[in-house]
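Participant: Structure file run.pdb (PDB, C-alpha atoms) is given on the next line.
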ATOM      1  CA  MET A 145      18.718  17.082 -17.452
ATOM      2  CA  THR A 146      21.070  16.723 -14.552
ATOM      3  CA  TYR A 147      21.296  15.996 -10.855
ATOM      4  CA  VAL A 148      21.259  18.873  -8.370
ATOM      5  CA  ILE A 149      22.733  19.195  -4.901
ATOM      6  CA  ALA A 150      20.470  21.210  -2.608
ATOM      7  CA  GLN A 151      20.471  22.920   0.777
ATOM      8  CA  PRO A 152      20.910  19.821   3.001
ATOM      9  CA  CYS A 153      24.526  19.713   1.767
ATOM     10  CA  VAL A 154      25.360  23.246   2.915
ATOM     11  CA  ASP A 155      27.990  23.101   5.669
ATOM     12  CA  VAL A 156      27.885  19.254   5.575
ATOM     13  CA  LYS A 157      29.858  18.166   2.447
ATOM     14  CA  ASP A 158      29.871  14.427   3.220
ATOM     15  CA  ARG A 159      31.644  13.570  -0.086
ATOM     16  CA  ALA A 160      30.222  10.030  -0.430
ATOM     17  CA  CYS A 161      28.744  11.240  -3.728
ATOM     18  CA  VAL A 162      32.160  12.377  -4.953
ATOM     19  CA  ASP A 163      33.578   8.896  -4.441
ATOM     20  CA  GLU A 164      30.622   7.329  -6.279
ATOM     21  CA  CYS A 165      30.517   9.646  -9.321
ATOM     22  CA  PRO A 166      31.952   7.821 -12.353
ATOM     23  CA  VAL A 167      32.579  11.024 -14.348
ATOM     24  CA  ASP A 168      34.063  13.181 -11.570
ATOM     25  CA  CYS A 169      31.469  15.971 -12.033
ATOM     26  CA  ILE A 170      30.886  16.776  -8.352
ATOM     27  CA  TYR A 171      33.022  19.695  -7.221
ATOM     28  CA  GLU A 172      33.664  20.971  -3.721
ATOM     29  CA  GLY A 173      32.980  24.589  -2.875
ATOM     30  CA  PRO A 174      33.818  26.250   0.431
ATOM     31  CA  ARG A 175      30.417  25.389   1.983
ATOM     32  CA  MET A 176      28.810  22.717  -0.220
ATOM     33  CA  LEU A 177      29.273  20.364  -3.148
ATOM     34  CA  TYR A 178      28.036  21.139  -6.675
ATOM     35  CA  VAL A 179      27.189  19.074  -9.753
ATOM     36  CA  GLN A 180      28.684  20.566 -12.917
ATOM     37  CA  PRO A 181      25.579  20.305 -15.140
ATOM     38  CA  ASP A 182      27.491  20.047 -18.433
ATOM     39  CA  GLU A 183      29.597  17.157 -17.137
ATOM     40  CA  CYS A 184      26.845  15.141 -15.402
ATOM     41  CA  VAL A 185      25.753  12.067 -17.401
ATOM     42  CA  ASP A 186      22.578  11.504 -15.342
ATOM     43  CA  CYS A 187      23.680   8.087 -14.100
ATOM     44  CA  GLY A 188      22.164   8.632 -10.638
ATOM     45  CA  ALA A 189      25.009   6.946  -8.757
ATOM     46  CA  CYS A 190      25.376   9.934  -6.420
ATOM     47  CA  GLU A 191      21.785  10.142  -5.210
ATOM     48  CA  PRO A 192      21.420   6.959  -3.112
ATOM     49  CA  VAL A 193      24.768   7.364  -1.313
ATOM     50  CA  CYS A 194      24.105  10.881   0.004
ATOM     51  CA  PRO A 195      23.468  10.593   3.758
ATOM     52  CA  ALA A 196      22.061  14.138   3.856
ATOM     53  CA  GLU A 197      19.524  13.302   1.104
ATOM     54  CA  ALA A 198      20.621  16.480  -0.669
ATOM     55  CA  ILE A 199      20.832  15.159  -4.242
ATOM     56  CA  PHE A 200      17.850  15.181  -6.573
ATOM     57  CA  TYR A 201      17.191  14.562 -10.228
ATOM     58  CA  GLU A 202      16.372  17.967 -11.713
ATOM     59  CA  ASP A 203      12.700  17.074 -12.334
ATOM     60  CA  ASP A 204      12.324  15.773  -8.760
ATOM     61  CA  LEU A 205      13.864  18.764  -6.983
ATOM     62  CA  PRO A 206      11.467  19.922  -4.223
ATOM     63  CA  ASP A 207       9.986  23.371  -4.833
ATOM     64  CA  ALA A 208      11.580  24.687  -1.649
ATOM     65  CA  TRP A 209      15.025  23.957  -3.078
ATOM     66  CA  SER A 210      14.372  24.935  -6.690
ATOM     67  CA  PRO A 211      16.826  27.888  -6.469
ATOM     68  CA  PHE A 212      19.615  25.323  -6.112
ATOM     69  CA  LEU A 213      19.191  24.293  -9.750
ATOM     70  CA  ALA A 214      20.516  27.697 -10.791
ATOM     71  CA  ALA A 215      23.017  27.760  -7.912
ATOM     72  CA  ASN A 216      24.664  24.540  -9.146
ATOM     73  CA  ALA A 217      25.169  26.146 -12.569
ATOM     74  CA  GLU A 218      26.215  29.540 -11.139
ATOM     75  CA  ALA A 219      28.986  27.907  -9.107
ATOM     76  CA  PHE A 220      30.757  27.297 -12.423
ATOM     77  CA  ALA A 221      30.316  30.789 -13.895
ATOM     78  CA  ALA A 222      33.998  31.632 -13.473
ATOM     79  CA  VAL A 223      35.483  28.230 -14.343
ATOM     80  CA  GLY A 224      33.107  26.780 -16.944
ATOM     81  CA  SER A 225      33.474  23.046 -17.454
ATOM     82  CA  PRO A 226      36.884  22.149 -16.012
ATOM     83  CA  GLY A 227      36.676  18.521 -17.115
ATOM     84  CA  GLY A 228      36.755  16.797 -13.744
ATOM     85  CA  ALA A 229      36.879  17.774 -10.114
ATOM     86  CA  GLY A 230      39.922  15.664  -9.318
ATOM     87  CA  ALA A 231      42.091  17.466 -11.833
ATOM     88  CA  SER A 232      40.894  20.996 -11.129
ATOM     89  CA  GLY A 233      40.576  20.945  -7.344
ATOM     90  CA  PRO A 234      38.045  22.789  -5.174
ATOM     91  CA  LEU A 235      36.047  25.758  -6.396
ATOM     92  CA  ALA A 236      37.279  29.100  -5.089
ATOM     93  CA  GLU A 237      33.826  30.306  -4.094
ATOM     94  CA  ASP A 238      30.279  29.155  -3.556
ATOM     95  CA  ALA A 239      27.263  30.207  -5.583
ATOM     96  CA  PRO A 240      25.772  33.532  -4.409
ATOM     97  CA  LEU A 241      22.718  31.736  -2.967
ATOM     98  CA  VAL A 242      24.941  29.648  -0.685
ATOM     99  CA  VAL A 243      27.147  32.591   0.297
ATOM    100  CA  GLY A 244      24.028  34.383   1.553
ATOM    101  CA  LEU A 245      22.834  31.509   3.765
ATOM    102  CA  PRO A 246      23.532  31.610   7.491
ATOM    103  CA  VAL A 247      26.327  29.284   8.600
ATOM    104  CA  ALA A 248      25.001  26.078  10.187
ATOM    105  CA  ASP A 249      26.011  25.386  13.748
TER
END
Could you render the structure from this file as structure tokens?
Facilitator:
Amino acid sequence: MTYVIAQPCVDVKDRACVDECPVDCIYEGPRMLYVQPDECVDCGACEPVCPAEAIFYEDDLPDAWSPFLAANAEAFAAVGSPGGAGASGPLAEDAPLVVGLPVAD
């Protein structure tokens, strides 16, 4: 199991969760942040600090945002498990689901 970042993060990217994550598994994409599911240790530190309330434990992800479970994994299709966001830098592209969303005003 893992934590998932969902649609409320799109075009917001507050980054409070990044600062709180003890294993550096939250990566920044062009339009949102993503949890690398293989690196997440399920500590839950990210969830309460998210002002957009965009982070959910996988089992608690609202049905409306269930596609974001796959989107968080798909964001890493090209890079795999880089071993920490700080060392690898931002992701080059967002997951296809996010790319297809309209840009928030």
Participant: Please evaluate the PyMOL selection byres ((chain A and resi 171-180) around 6) against the displayed coordinates and give the resulting residues as JSON, numbers by chain.
Facilitator: {"A": [149, 153, 154, 155, 157, 169, 170, 181, 182, 183, 216, 229, 234, 235, 237, 238]}
Participant: Could you check which of A:Ala208, A:Leu245, A:Ala219, A:Met145 is closest to Asp186 (chain A), using all atoms listed in the file?
Facilitator: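 Looking only at the distances to Asp186 (chain A), the closest residue turns out to be A:Met145.
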Participant: Let me make sure I understand: among A:Cys165, A:Val247, A:Cys194, A:Tyr201, which one has the smallest atom-to-atom distance to Leu213 (chain A) if we use only C-alpha atoms?
Facilitator: A:Tyr201
Participant: Taking all atoms of region 173-185 of chain A that the file lists and extending 6 Å past them on each side, where is the centre of the axis-aligned box and how long are its edges? Answer in Å to one decimal, as AutoDock Vina command-line options.
Facilitator:
--center_x 29.7 --center_y 19.2 --center_z -8.2 --size_x 20.2 --size_y 26.2 --size_z 32.4
Participant: Show me, as a list in words, the residues that have an atom within 12 Å of Leu205 (chain A) when counting only C-alpha atoms, minus same-chain residues fewer than 3 positions from it.
Facilitator: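 The filter keeps Met145, Thr146, Tyr147, Val148, Ile149, Ala150, Gln151, Glu191, Glu197, Ala198, Ile199, Phe200, Tyr201, Glu202, Ala208, Trp209, Ser210, Pro211, Phe212, Leu213 and Ala214 of chain A.
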Participant: Would you mind telling me which residue in A:Val185, A:Pro206, A:Val156, A:Pro226 lies nearest to Asp249 (chain A) when using all atoms listed in the file?
Facilitator: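 Residue with the minimum atom-to-atom distance to Asp249 (chain A): A:Val156.
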Participant: Using all atoms listed in the file, which residue out of A:Ala215, A:Val193, A:Ala221, A:Val243 lies closest to Val162 (chain A)?
Facilitator: A:Val193
Participant: Taking into account only C-alpha atoms, which residue in the set A:Gly230, A:Asp204, A:Ala217, A:Gly188 is nearest to Asp168 (chain A)?
Facilitator: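 Answer, going by the shortest atom-to-atom distance: A:Gly230.
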Participant: Would you compute the distance between CA of Leu241 (chain A) and CA of Ala196 (chain A)? Give it in Å to one decimal.
Facilitator: 18.9 Å
Participant: Rounded to one decimal, what separation in Å do you get between CA of Asp207 (chain A) and CA of Gly228 (chain A)?
Facilitator: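 Interatomic distance, CA of Asp207 (chain A) to CA of Gly228 (chain A): 29.0 Å.
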Participant: Please measure the separation of CA of Cys187 (chain A) and CA of Asp158 (chain A), giving the value in Å to one decimal.
Facilitator: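 Spanning CA of Cys187 (chain A) to CA of Asp158 (chain A) is a straight-line distance of 19.5 Å.
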Participant: Nearest to Pro192 (chain A) among A:Ser225, A:Ala160, A:Ala239, A:Ala248, with distances taken over all atoms listed in the file: which residue is it?
Facilitator: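 Ranked by minimum distance to Pro192 (chain A), first place goes to A:Ala160.
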